[in-house]
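*Asks:* Pasting a structure below so you can have a look.
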4 protein chains.
Amino acid sequence: MNRLAAALILSLALTAAAQERSLTGKWTATVDFFGLPIYWQLDLTQDRDQLIADFAGARGEGTFAGGKLHFQGKDAEGGSKEVTAKIVDGKIAGEVIWKQDGKSGSKPVAYKFSAARNPEAANSAPKTHEFEPTVFRKQFSALYEPVLTVNPGDTIHTWTVDSGGVDAKGVQRSLGGNPQVGPFYVTGVVPGDTLVVHILRLKLNRDYAESTDGIVPRASNRDLSISTRDTGNRIRWHLDLEKGLATPEQPSSHMKNYAVPLQPMLGCVAVATRPANAPPGTNDDGYYGGNMDFNEIREGATLYLPAQVPGAFLYFGDAHAAQGDGETTGDALETSMDVTLSVDVIHGLHPPEPRIEDATHIMAMGEAGSLDGAFAEANANMAQWLTDDYKLTPAEVGMVFGTAAEYRISEVADRNAGVVLKISKQRLKGLSH
Amino acid sequence: MNRLAAALILSLALTAAAQERSLTGKWTATVDFFGLPIYWQLDLTQDRDQLIADFAGARGEGTFAGGKLHFQGKDAEGGSKEVTAKIVDGKIAGEVIWKQDGKSGSKPVAYKFSAARNPEAANSAPKTHEFEPTVFRKQFSALYEPVLTVNPGDTIHTWTVDSGGVDAKGVQRSLGGNPQVGPFYVTGVVPGDTLVVHILRLKLNRDYAESTDGIVPRASNRDLSISTRDTGNRIRWHLDLEKGLATPEQPSSHMKNYAVPLQPMLGCVAVATRPANAPPGTNDDGYYGGNMDFNEIREGATLYLPAQVPGAFLYFGDAHAAQGDGETTGDALETSMDVTLSVDVIHGLHPPEPRIEDATHIMAMGEAGSLDGAFAEANANMAQWLTDDYKLTPAEVGMVFGTAAEYRISEVADRNAGVVLKISKQRLKGLSH
Amino acid sequence: MNRLAAALILSLALTAAAQERSLTGKWTATVDFFGLPIYWQLDLTQDRDQLIADFAGARGEGTFAGGKLHFQGKDAEGGSKEVTAKIVDGKIAGEVIWKQDGKSGSKPVAYKFSAARNPEAANSAPKTHEFEPTVFRKQFSALYEPVLTVNPGDTIHTWTVDSGGVDAKGVQRSLGGNPQVGPFYVTGVVPGDTLVVHILRLKLNRDYAESTDGIVPRASNRDLSISTRDTGNRIRWHLDLEKGLATPEQPSSHMKNYAVPLQPMLGCVAVATRPANAPPGTNDDGYYGGNMDFNEIREGATLYLPAQVPGAFLYFGDAHAAQGDGETTGDALETSMDVTLSVDVIHGLHPPEPRIEDATHIMAMGEAGSLDGAFAEANANMAQWLTDDYKLTPAEVGMVFGTAAEYRISEVADRNAGVVLKISKQRLKGLSH
Amino acid sequence: MNRLAAALILSLALTAAAQERSLTGKWTATVDFFGLPIYWQLDLTQDRDQLIADFAGARGEGTFAGGKLHFQGKDAEGGSKEVTAKIVDGKIAGEVIWKQDGKSGSKPVAYKFSAARNPEAANSAPKTHEFEPTVFRKQFSALYEPVLTVNPGDTIHTWTVDSGGVDAKGVQRSLGGNPQVGPFYVTGVVPGDTLVVHILRLKLNRDYAESTDGIVPRASNRDLSISTRDTGNRIRWHLDLEKGLATPEQPSSHMKNYAVPLQPMLGCVAVATRPANAPPGTNDDGYYGGNMDFNEIREGATLYLPAQVPGAFLYFGDAHAAQGDGETTGDALETSMDVTLSVDVIHGLHPPEPRIEDATHIMAMGEAGSLDGAFAEANANMAQWLTDDYKLTPAEVGMVFGTAAEYRISEVADRNAGVVLKISKQRLKGLSH
């Protein structure tokens, strides 16, 4: 087939596609900002050759003719976006000239972009993926290649190395520092959605864990800093998987009969952050989840994390055989684990910080550079949740907090401290919405 | 019997007492510092007319002759105390010339003092006191007249007004601000001892409580401050004592079926502080207990408070029908209550901050001007407890924290925030000491 | 003159006074709440026998006849105040029946009160008072007897003992802990006014000061806590009043040539707090001023403190020969001092926290249980100041902060930390109001 | 020349090199940990074919023969490192088998590494580099290619874009968020050294700057959050470079005469962090410097930053025309700038946090998630400085702090807050060391 014939067929195919499918709908645009991708939502309404567009807040009109789009929109700050693009393989590809606002001294700049239509709900049957990891990541980055693509509803069965990078057989598989499995690309998730993660099964897969015997600075006042100045030694714990107990392998005199019930948990579950800024390391946590080290992120818990990028890019790791509140030693009973979890998506909900749910409670996490800050963030997260889902007024939120708040200190070992506000589902049953 | 004969007999009796009873033992001296009492421990060893003395750290020797004591001691800082005193009615009364230390520029000063022998354990049978309060106090002060003197082992049955000063019949009995019942003088308690308070029964005695619907500043981030800016209204709750439920009397639309289980608690339990400094108000808390607002200070709980003055001067009040963690509205379901508690003493133990115990846990409280500060104080308090009672090393304390810590945020509504570290008695069983 | 004649003349005089002077005006009522005084503002408008009254927010009407007042008012919360009183010696004396609000479960209660007319500006010539103190106070209390009554405009010349209670001659005059001179009653000041204190002269009056060599816990991280664990010893400094230098009396090897310029300052300046709550101790600070330990409260500085009680009850003390920012050792170069200051009043201004002014800056203090809290309070105090005096909008306040803020950490040694926001008067000159 | 001859000559040359130069000395090894470089210091002592080695704490002995090294060392934790390597082009290249410690459950792992000899001081004449940037970076990463290599003593003259990525001509050159010039590789710097940066000249190069009018959450209490809820608008400032003044371009009514003196400063100066963990973004700060936003980092200031990687990788940017303390609006007067600075190195000094020096003061920065944390870090940094350079004991440090501390709040706008402790050089003159 000569090039002319090929072009003709392609042209006809594109025309046919344009005829059978309107541009009307929501798109996610990936804009190239000096080498870094920025994700903008594009909302189009097409009426034959007329277009109405909302491109990340810039609203205006334009035309669609011959597979080519052109529109210009203005935003509330007096800025403008002018788009010249065309349809290529069902995507929109082109250029946007962005003028930031009316006051700014900076000149308009042209950026390349392409936009894909936001996916419909997958109607394939849920699937279970057996995943064997070979590489472990130390950043919650959207720039790593996804290790697997899954659909909402799918289940992932895999395993994690411990926080030091060691697997079930004692083999070092990665540099330490909470190396993660992932990222998993979840189809149909766009920025502004919530990634839902159900933790179905956390199964210990080796007979030891490691920890230390110190108390982190944040947990110590002056006297405790002084009295513990010679601690911080490594402690190995034997994990008796049958009895469900952890015991120190070489117990000191007072600890000979000391045993801790095994309560497997995941220290890290995260979505990737937007690539415009430096990605968080896997020892950090925040609105994206991450190294939350909350001992109720265990079997039966469901997490809600705000997706920042298309596909969400799910990461997890840093399994603990057991952990006291706060992870005061700076680490928990660190071990490897078999993990089974399933994913889902809620479109259009975007919690300000991670949310967790189990059989008895809803739980809002707050994370900040101090416990005082984390506490206030947890309250704001829960207040928003009660407003989103239960339609409570601010005064009603106050009444629920005053009578039903249960606080936990999730973590003090890392850069952020974490506080969790739990509300019993028993209390929530009394709310009419 | 004429007066002369009586005097003679008394004189003989005193002489006999002086002869039969050595000065050897521990005494509590009350020293008059420009009108304010200071309590110093005095430790005497008498060998006929020779004395060895330790007077608040100043150690030295002296004499006891003709009912008169004289000794001089030096302390580690280079200061000295010279005592000239006599025995009057079984007490030591006299003067101490105190030179503060070797470096200080201040001159020695003479202070009057009297000292009473530290009491032995009471061997009378425990007694229950029915106490009808008539006055309510707003300072945890050692300068108020005790309302009742009780022995270790005794039980007190009384009632409290609510935080606004209103009693079970709705009658205003005091200015609001957590007015307290007390002070109760507990015989045999000296500074350095621990006052033990067992909360035996907390019985609601009226059918309403009052609260508000706001969220305190400490619990709010910027967004929550703005969204709740018009809250803070008073809410009346109906207390259904039969069903054990509290419900808003005039519920807003979403709260029509909202009900809170009644969990009566005491917002305040305290010992008095040393009179040398200003006493705390009843809305404050600290090492003396006070307005801790911790919802596990309820029936079945035992408190351990460090006595600061002879008799400890127990106060309590500010009963709550129910309260979420943190008292985030700034008040709980404030109500009046019938209270039954018993007291006891542990000689020579002096916890740095309040400790609490119930059927399942030991709990160490920390209180400070921030949650971060309170958290560190709670840890130091528990570390000291595990060292005192379980003889753990600092590293063992670290291991117990790392595997068994459970944190609660007790209160954020007052000047101090409170954090409680709980350790399950199940875990403690494994400790050999 | 016999008693009958005298009574008759007095009666006539009072009648005449009553006739010639209307009740119209502002009064300060002292209400007896179960033994504690509460101050309420009473605003009366009299038109012959008709009265319009605003009694602490309760507004209503009533009558004045035969020297007797009766009125009833309602407040915004649905509460009411009913007053029955009469004129006695130019004061109003009687009873108020107060019903707190529409929702509260508490019953109305009758309280005795008396009210005095708010004073006019004194038109006597300013006077200098030589005051020789004999007693020193350790609480910023309104219940101590004033040591002297002064008028706005008057100057006080007196002296202070050091923080340990020792005077210029090395004589212990009080128990330590920042004993204060005062309280001074300033005529014409009522709650809601601002007491103005001009520090005219701070003159050192002895040749030594005392300090320590530690670093307070709040200033130490874990490492610094450990490295300084054996510090905290007392250091005596020689004050060379001629050269204006302080040097350690027994310098360690590296400090032989170390000298600090003398910069005398007052650690404490305060008004009394309302007696309804426990008064602050003299080691505490807050909205009332107190132990602020800010090294710019020195000669030439003016303080603005919000009066809480009639007469304001001014206290001061805790002089320092020199002090680094923050008072990190827990004390400064503590010494005695000759103090000259004058007082004034601004009616109707009530800063939320202390304000200070000198030749070059206005300074807003914030005090809280953490530096983070104190910092936010300082900003709110200054924002209010710029709004009060310069009529700035919130956005204009933001612009001034962003370009002219200068922060100091005043103190970290006591329960509250202090932060001061300074704005240069040079910048303020550009503001048009 | 055929390959055999070439190989022979190379072999002879290497042998000659090996003969003339011993391995004795300090080397920096780059170890490949699963794709991430780790830098270990290697200290070798060669005596003919015998080697003594300290490889990152593992000490032991071995052999050097035929261009091949082999040694094995043990560390204090019971771990071991076994090295098999050879000399290639003057570098050591080979493999290290690392066993982490005696207790750990993980197995030994082999890692590839190469080591270069730590450089001698450059003896070339200092040079000034005119550098024209073309790419701007948003991470303080050691994995970006250096844009220029300079020697200690050299001067760099270049320019920066503003925090939004806009240059002197108003052209957008990068995505916003403090894009940086750099990294500059400084020869002779190894991990453990200090990079010294002298800021020689900061020259404004355009006539406008941009800012906003809000107050950041960390600077606001509840009331200030509510009152400023509608602020946060962009403000353009005119920069009058002649008069040295900034004025709002469209001033509101009260600001018509408001002018701010220009005080150019660099918001960011940083070294790269170790690549084993995620690099910080350019809106973050810490021990590596970064976005410190301290308004005394201006002409005449010298910075001391702890090098983390060979070459240090210097970055800078985010210039401000003027800034109040704390950067309370969330940004300063953001603008572009011509920058001249020179670099130097101090071998073997490694400050825990950034240090700064100017004509009058030494300044120790502390950065943490709260002002309280930052304050303690600043104190620890300065205490270490006084110990390092002035040999003070902990008690002497306490005395200097207590009499000479001057604190500044550098920044509250980003994730970390910053506090700076300044000590006057006038005070330091009195210290004998």
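Going by the structure tokens order, chains are called A, B, ..., each with residues numbered from 1, while ligands are numbered from 1 in the order shown.
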Using DSSP on the backbone, list every residue of segment 311-375 of chain A that comes out as strand (DSSP E), and give them as a PyMOL selection string.
*Replies:* chain A and resi 314-320+337-346+355-357+361-368
*Asks:* What would the file look like if the residues just selected were written as a PDB file, in the first residue's frame with N, CA and C atoms?
*Replies:*
```
ATOM      1  N   LEU A 314       0.130   2.820  43.031  1.00  0.00           N
ATOM      2  CA  LEU A 314       0.100   2.263  44.394  1.00  0.00           C
ATOM      3  C   LEU A 314       1.432   1.620  44.768  1.00  0.00           C
ATOM      4  N   TYR A 315       1.918   1.966  45.961  1.00  0.00           N
ATOM      5  CA  TYR A 315       3.112   1.356  46.557  1.00  0.00           C
ATOM      6  C   TYR A 315       2.760   0.792  47.941  1.00  0.00           C
ATOM      7  N   PHE A 316       3.446  -0.248  48.381  1.00  0.00           N
ATOM      8  CA  PHE A 316       3.307  -0.686  49.779  1.00  0.00           C
ATOM      9  C   PHE A 316       4.532  -1.469  50.227  1.00  0.00           C
ATOM     10  N   GLY A 317       4.706  -1.568  51.540  1.00  0.00           N
ATOM     11  CA  GLY A 317       5.860  -2.278  52.095  1.00  0.00           C
ATOM     12  C   GLY A 317       6.010  -2.014  53.576  1.00  0.00           C
ATOM     13  N   ASP A 318       7.219  -2.252  54.113  1.00  0.00           N
ATOM     14  CA  ASP A 318       7.541  -1.972  55.508  1.00  0.00           C
ATOM     15  C   ASP A 318       6.612  -2.713  56.467  1.00  0.00           C
ATOM     16  N   ALA A 319       6.510  -4.014  56.305  1.00  0.00           N
ATOM     17  CA  ALA A 319       5.611  -4.804  57.148  1.00  0.00           C
ATOM     18  C   ALA A 319       6.173  -4.960  58.563  1.00  0.00           C
ATOM     19  N   HIS A 320       5.277  -4.961  59.528  1.00  0.00           N
ATOM     20  CA  HIS A 320       5.637  -5.136  60.939  1.00  0.00           C
ATOM     21  C   HIS A 320       4.876  -6.318  61.514  1.00  0.00           C
ATOM     22  N   MET A 337       6.734 -10.177  54.551  1.00  0.00           N
ATOM     23  CA  MET A 337       5.344 -10.605  54.669  1.00  0.00           C
ATOM     24  C   MET A 337       4.739 -10.958  53.317  1.00  0.00           C
ATOM     25  N   ASP A 338       3.794 -11.907  53.333  1.00  0.00           N
ATOM     26  CA  ASP A 338       2.933 -12.144  52.167  1.00  0.00           C
ATOM     27  C   ASP A 338       1.717 -11.236  52.280  1.00  0.00           C
ATOM     28  N   VAL A 339       1.424 -10.535  51.191  1.00  0.00           N
ATOM     29  CA  VAL A 339       0.378  -9.502  51.242  1.00  0.00           C
ATOM     30  C   VAL A 339      -0.664  -9.774  50.171  1.00  0.00           C
ATOM     31  N   THR A 340      -1.927  -9.720  50.576  1.00  0.00           N
ATOM     32  CA  THR A 340      -3.032  -9.789  49.617  1.00  0.00           C
ATOM     33  C   THR A 340      -3.924  -8.584  49.819  1.00  0.00           C
ATOM     34  N   LEU A 341      -4.112  -7.822  48.752  1.00  0.00           N
ATOM     35  CA  LEU A 341      -5.001  -6.662  48.872  1.00  0.00           C
ATOM     36  C   LEU A 341      -5.735  -6.462  47.562  1.00  0.00           C
ATOM     37  N   SER A 342      -6.865  -5.779  47.635  1.00  0.00           N
ATOM     38  CA  SER A 342      -7.595  -5.450  46.413  1.00  0.00           C
ATOM     39  C   SER A 342      -7.756  -3.941  46.321  1.00  0.00           C
ATOM     40  N   VAL A 343      -7.972  -3.454  45.106  1.00  0.00           N
ATOM     41  CA  VAL A 343      -8.046  -2.002  44.884  1.00  0.00           C
ATOM     42  C   VAL A 343      -9.394  -1.632  44.289  1.00  0.00           C
ATOM     43  N   ASP A 344      -9.776  -0.393  44.536  1.00  0.00           N
ATOM     44  CA  ASP A 344     -10.998   0.135  43.935  1.00  0.00           C
ATOM     45  C   ASP A 344     -10.838   1.643  43.796  1.00  0.00           C
ATOM     46  N   VAL A 345     -11.833   2.284  43.222  1.00  0.00           N
ATOM     47  CA  VAL A 345     -11.732   3.720  43.001  1.00  0.00           C
ATOM     48  C   VAL A 345     -13.056   4.383  43.365  1.00  0.00           C
ATOM     49  N   ILE A 346     -12.984   5.555  43.969  1.00  0.00           N
ATOM     50  CA  ILE A 346     -14.169   6.411  44.129  1.00  0.00           C
ATOM     51  C   ILE A 346     -13.884   7.673  43.322  1.00  0.00           C
ATOM     52  N   ARG A 355      -7.550   8.270  54.922  1.00  0.00           N
ATOM     53  CA  ARG A 355      -8.658   7.798  55.759  1.00  0.00           C
ATOM     54  C   ARG A 355      -8.627   6.282  55.791  1.00  0.00           C
ATOM     55  N   ILE A 356      -9.090   5.743  56.902  1.00  0.00           N
ATOM     56  CA  ILE A 356      -9.035   4.296  57.120  1.00  0.00           C
ATOM     57  C   ILE A 356     -10.377   3.873  57.692  1.00  0.00           C
ATOM     58  N   GLU A 357     -10.758   2.640  57.405  1.00  0.00           N
ATOM     59  CA  GLU A 357     -12.031   2.143  57.921  1.00  0.00           C
ATOM     60  C   GLU A 357     -11.844   0.685  58.275  1.00  0.00           C
ATOM     61  N   HIS A 361     -14.867   1.109  63.130  1.00  0.00           N
ATOM     62  CA  HIS A 361     -14.597   2.548  63.186  1.00  0.00           C
ATOM     63  C   HIS A 361     -14.307   3.135  61.817  1.00  0.00           C
ATOM     64  N   ILE A 362     -14.566   4.433  61.680  1.00  0.00           N
ATOM     65  CA  ILE A 362     -13.916   5.203  60.626  1.00  0.00           C
ATOM     66  C   ILE A 362     -12.795   6.001  61.300  1.00  0.00           C
ATOM     67  N   MET A 363     -11.704   6.208  60.580  1.00  0.00           N
ATOM     68  CA  MET A 363     -10.494   6.789  61.173  1.00  0.00           C
ATOM     69  C   MET A 363      -9.885   7.798  60.208  1.00  0.00           C
ATOM     70  N   ALA A 364      -9.663   8.999  60.721  1.00  0.00           N
ATOM     71  CA  ALA A 364      -9.064  10.063  59.910  1.00  0.00           C
ATOM     72  C   ALA A 364      -7.670  10.347  60.430  1.00  0.00           C
ATOM     73  N   MET A 365      -6.693  10.293  59.524  1.00  0.00           N
ATOM     74  CA  MET A 365      -5.312  10.505  59.921  1.00  0.00           C
ATOM     75  C   MET A 365      -4.901  11.959  59.708  1.00  0.00           C
ATOM     76  N   GLY A 366      -4.067  12.436  60.621  1.00  0.00           N
ATOM     77  CA  GLY A 366      -3.431  13.732  60.445  1.00  0.00           C
ATOM     78  C   GLY A 366      -1.936  13.563  60.607  1.00  0.00           C
ATOM     79  N   GLU A 367      -1.167  14.237  59.768  1.00  0.00           N
ATOM     80  CA  GLU A 367       0.286  14.103  59.810  1.00  0.00           C
ATOM     81  C   GLU A 367       0.908  15.484  59.698  1.00  0.00           C
ATOM     82  N   ALA A 368       1.843  15.771  60.572  1.00  0.00           N
ATOM     83  CA  ALA A 368       2.491  17.088  60.551  1.00  0.00           C
ATOM     84  C   ALA A 368       3.792  16.994  61.325  1.00  0.00           C
TER      85      ALA A 368
END
```
*Asks:* Do a least-squares overlay of chain D on chain B, C-alpha atoms all paired in order, then report the RMSD in Å.
*Replies:* 0.7 Å
*Asks:* Quick one: which chain C residues come within 8 Å of chain B, and what is the nearest atom pair for each with the distance in Å to one decimal, counting only C-alpha atoms, rows ordered by chain and ascending number, as a Markdown table?
*Replies:*
```
| residue | atom | partner | partner_atom | distance |
| --- | --- | --- | --- | --- |
| C:Phe33 | CA | B:Leu175 | CA | 5.8 |
| C:Phe34 | CA | B:Ser174 | CA | 5.7 |
| C:Leu36 | CA | B:Leu175 | CA | 7.9 |
| C:Lys103 | CA | B:Arg236 | CA | 6.8 |
| C:Ser104 | CA | B:Arg236 | CA | 7.1 |
| C:Gly105 | CA | B:Gly170 | CA | 6.1 |
| C:Ser106 | CA | B:Gly170 | CA | 4.6 |
| C:Lys107 | CA | B:Val171 | CA | 5.6 |
| C:Pro108 | CA | B:Gln172 | CA | 7.8 |
| C:Val109 | CA | B:Gln172 | CA | 6.7 |
| C:Lys138 | CA | B:Asn277 | CA | 6.9 |
| C:Gln139 | CA | B:Ala278 | CA | 5.9 |
| C:Val166 | CA | B:Ser106 | CA | 6.3 |
| C:Gly170 | CA | B:Ser106 | CA | 4.6 |
| C:Val171 | CA | B:Lys107 | CA | 5.6 |
| C:Gln172 | CA | B:Ser106 | CA | 6.4 |
| C:Arg173 | CA | B:Phe34 | CA | 7.8 |
| C:Ser174 | CA | B:Phe34 | CA | 5.7 |
| C:Leu175 | CA | B:Phe33 | CA | 5.8 |
| C:Gly177 | CA | B:Asn277 | CA | 7.8 |
| C:Tyr208 | CA | B:Gly105 | CA | 7.5 |
| C:Glu210 | CA | B:Ser104 | CA | 7.2 |
| C:Arg234 | CA | B:Lys103 | CA | 7.3 |
| C:Ile235 | CA | B:Lys103 | CA | 7.6 |
| C:Arg236 | CA | B:Lys103 | CA | 6.8 |
| C:Ala276 | CA | B:Leu175 | CA | 7.8 |
| C:Asn277 | CA | B:Gly281 | CA | 6.3 |
| C:Ala278 | CA | B:Gly281 | CA | 4.6 |
| C:Pro279 | CA | B:Ala278 | CA | 7.1 |
| C:Pro280 | CA | B:Ala278 | CA | 6.4 |
| C:Gly281 | CA | B:Ala278 | CA | 4.6 |
| C:Thr282 | CA | B:Ala278 | CA | 7.9 |
| C:Ala368 | CA | B:Gly369 | CA | 7.2 |
| C:Gly369 | CA | B:Gly369 | CA | 3.7 |
| C:Ser370 | CA | B:Gly369 | CA | 6.0 |
| C:Arg415 | CA | B:Gly369 | CA | 7.5 |
| C:Asn416 | CA | B:Gly369 | CA | 7.5 |
```
*Asks:* Residues at most 10 Å from Asn123 of chain B, counting only C-alpha atoms, excluding those fewer than 6 positions away in the same chain, as number ranges by chain?
*Replies:* B: 151-153
*Asks:* Can those selected residues be exported to a file as a PDB file, in the first residue's frame so that it contains all heavy atoms?
*Replies:*
```pdb
ATOM      1  N   ASN B 151      -8.780   8.921 107.606  1.00  0.00           N
ATOM      2  CA  ASN B 151      -7.605   8.054 107.702  1.00  0.00           C
ATOM      3  C   ASN B 151      -7.401   7.283 106.406  1.00  0.00           C
ATOM      4  O   ASN B 151      -8.373   7.018 105.676  1.00  0.00           O
ATOM      5  CB  ASN B 151      -7.778   7.040 108.835  1.00  0.00           C
ATOM      6  CG  ASN B 151      -7.654   7.692 110.197  1.00  0.00           C
ATOM      7  OD1 ASN B 151      -6.822   8.568 110.404  1.00  0.00           O
ATOM      8  ND2 ASN B 151      -8.510   7.264 111.130  1.00  0.00           N
ATOM      9  N   PRO B 152      -6.179   6.903 106.123  1.00  0.00           N
ATOM     10  CA  PRO B 152      -5.966   5.954 105.025  1.00  0.00           C
ATOM     11  C   PRO B 152      -6.863   4.740 105.226  1.00  0.00           C
ATOM     12  O   PRO B 152      -6.980   4.228 106.345  1.00  0.00           O
ATOM     13  CB  PRO B 152      -4.483   5.593 105.151  1.00  0.00           C
ATOM     14  CG  PRO B 152      -3.854   6.793 105.786  1.00  0.00           C
ATOM     15  CD  PRO B 152      -4.898   7.303 106.756  1.00  0.00           C
ATOM     16  N   GLY B 153      -7.517   4.292 104.176  1.00  0.00           N
ATOM     17  CA  GLY B 153      -8.454   3.171 104.256  1.00  0.00           C
ATOM     18  C   GLY B 153      -9.887   3.626 104.336  1.00  0.00           C
ATOM     19  O   GLY B 153     -10.809   2.859 104.025  1.00  0.00           O
TER      20      GLY B 153
END
```
*Asks:* Can you tell me, as a PyMOL selection string, what residues are no more than 8 Å from Ile297 of chain D when counting only C-alpha atoms, ignoring any on the same chain fewer than 2 positions away?
*Replies:* chain D and resi 199+265-267+294-295+299+301-303+356
*Asks:* What does the file look like for those residues with N, CA and C atoms, as a PDB file, in the first residue's frame?
*Replies:*
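In the end it all went to result-v9.pdb:
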```pdb
ATOM      1  N   ILE D 199      28.893  34.857  49.966  1.00  0.00           N
ATOM      2  CA  ILE D 199      28.006  35.610  49.068  1.00  0.00           C
ATOM      3  C   ILE D 199      28.610  36.983  48.862  1.00  0.00           C
ATOM      4  N   MET D 265      18.497  39.050  49.033  1.00  0.00           N
ATOM      5  CA  MET D 265      18.911  37.844  49.771  1.00  0.00           C
ATOM      6  C   MET D 265      18.647  36.622  48.897  1.00  0.00           C
ATOM      7  N   LEU D 266      19.269  35.505  49.244  1.00  0.00           N
ATOM      8  CA  LEU D 266      19.006  34.246  48.561  1.00  0.00           C
ATOM      9  C   LEU D 266      18.136  33.364  49.445  1.00  0.00           C
ATOM     10  N   GLY D 267      16.969  32.988  48.960  1.00  0.00           N
ATOM     11  CA  GLY D 267      16.106  32.092  49.730  1.00  0.00           C
ATOM     12  C   GLY D 267      16.662  30.683  49.839  1.00  0.00           C
ATOM     13  N   PHE D 294      16.118  32.774  55.000  1.00  0.00           N
ATOM     14  CA  PHE D 294      16.590  33.591  56.131  1.00  0.00           C
ATOM     15  C   PHE D 294      17.131  34.908  55.572  1.00  0.00           C
ATOM     16  N   ASN D 295      16.576  36.017  56.046  1.00  0.00           N
ATOM     17  CA  ASN D 295      16.890  37.295  55.388  1.00  0.00           C
ATOM     18  C   ASN D 295      18.274  37.851  55.743  1.00  0.00           C
ATOM     19  N   GLU D 299      24.405  39.690  50.896  1.00  0.00           N
ATOM     20  CA  GLU D 299      25.779  40.109  50.596  1.00  0.00           C
ATOM     21  C   GLU D 299      26.605  40.192  51.869  1.00  0.00           C
ATOM     22  N   ALA D 301      27.508  37.654  53.700  1.00  0.00           N
ATOM     23  CA  ALA D 301      27.338  36.472  54.556  1.00  0.00           C
ATOM     24  C   ALA D 301      28.143  35.293  53.998  1.00  0.00           C
ATOM     25  N   THR D 302      28.596  34.453  54.897  1.00  0.00           N
ATOM     26  CA  THR D 302      29.268  33.203  54.531  1.00  0.00           C
ATOM     27  C   THR D 302      28.466  32.045  55.098  1.00  0.00           C
ATOM     28  N   LEU D 303      28.239  31.029  54.269  1.00  0.00           N
ATOM     29  CA  LEU D 303      27.505  29.841  54.727  1.00  0.00           C
ATOM     30  C   LEU D 303      28.445  28.661  54.858  1.00  0.00           C
ATOM     31  N   ILE D 356      26.103  30.197  59.564  1.00  0.00           N
ATOM     32  CA  ILE D 356      26.234  31.423  58.788  1.00  0.00           C
ATOM     33  C   ILE D 356      27.105  32.370  59.591  1.00  0.00           C
TER      34      ILE D 356
END
```
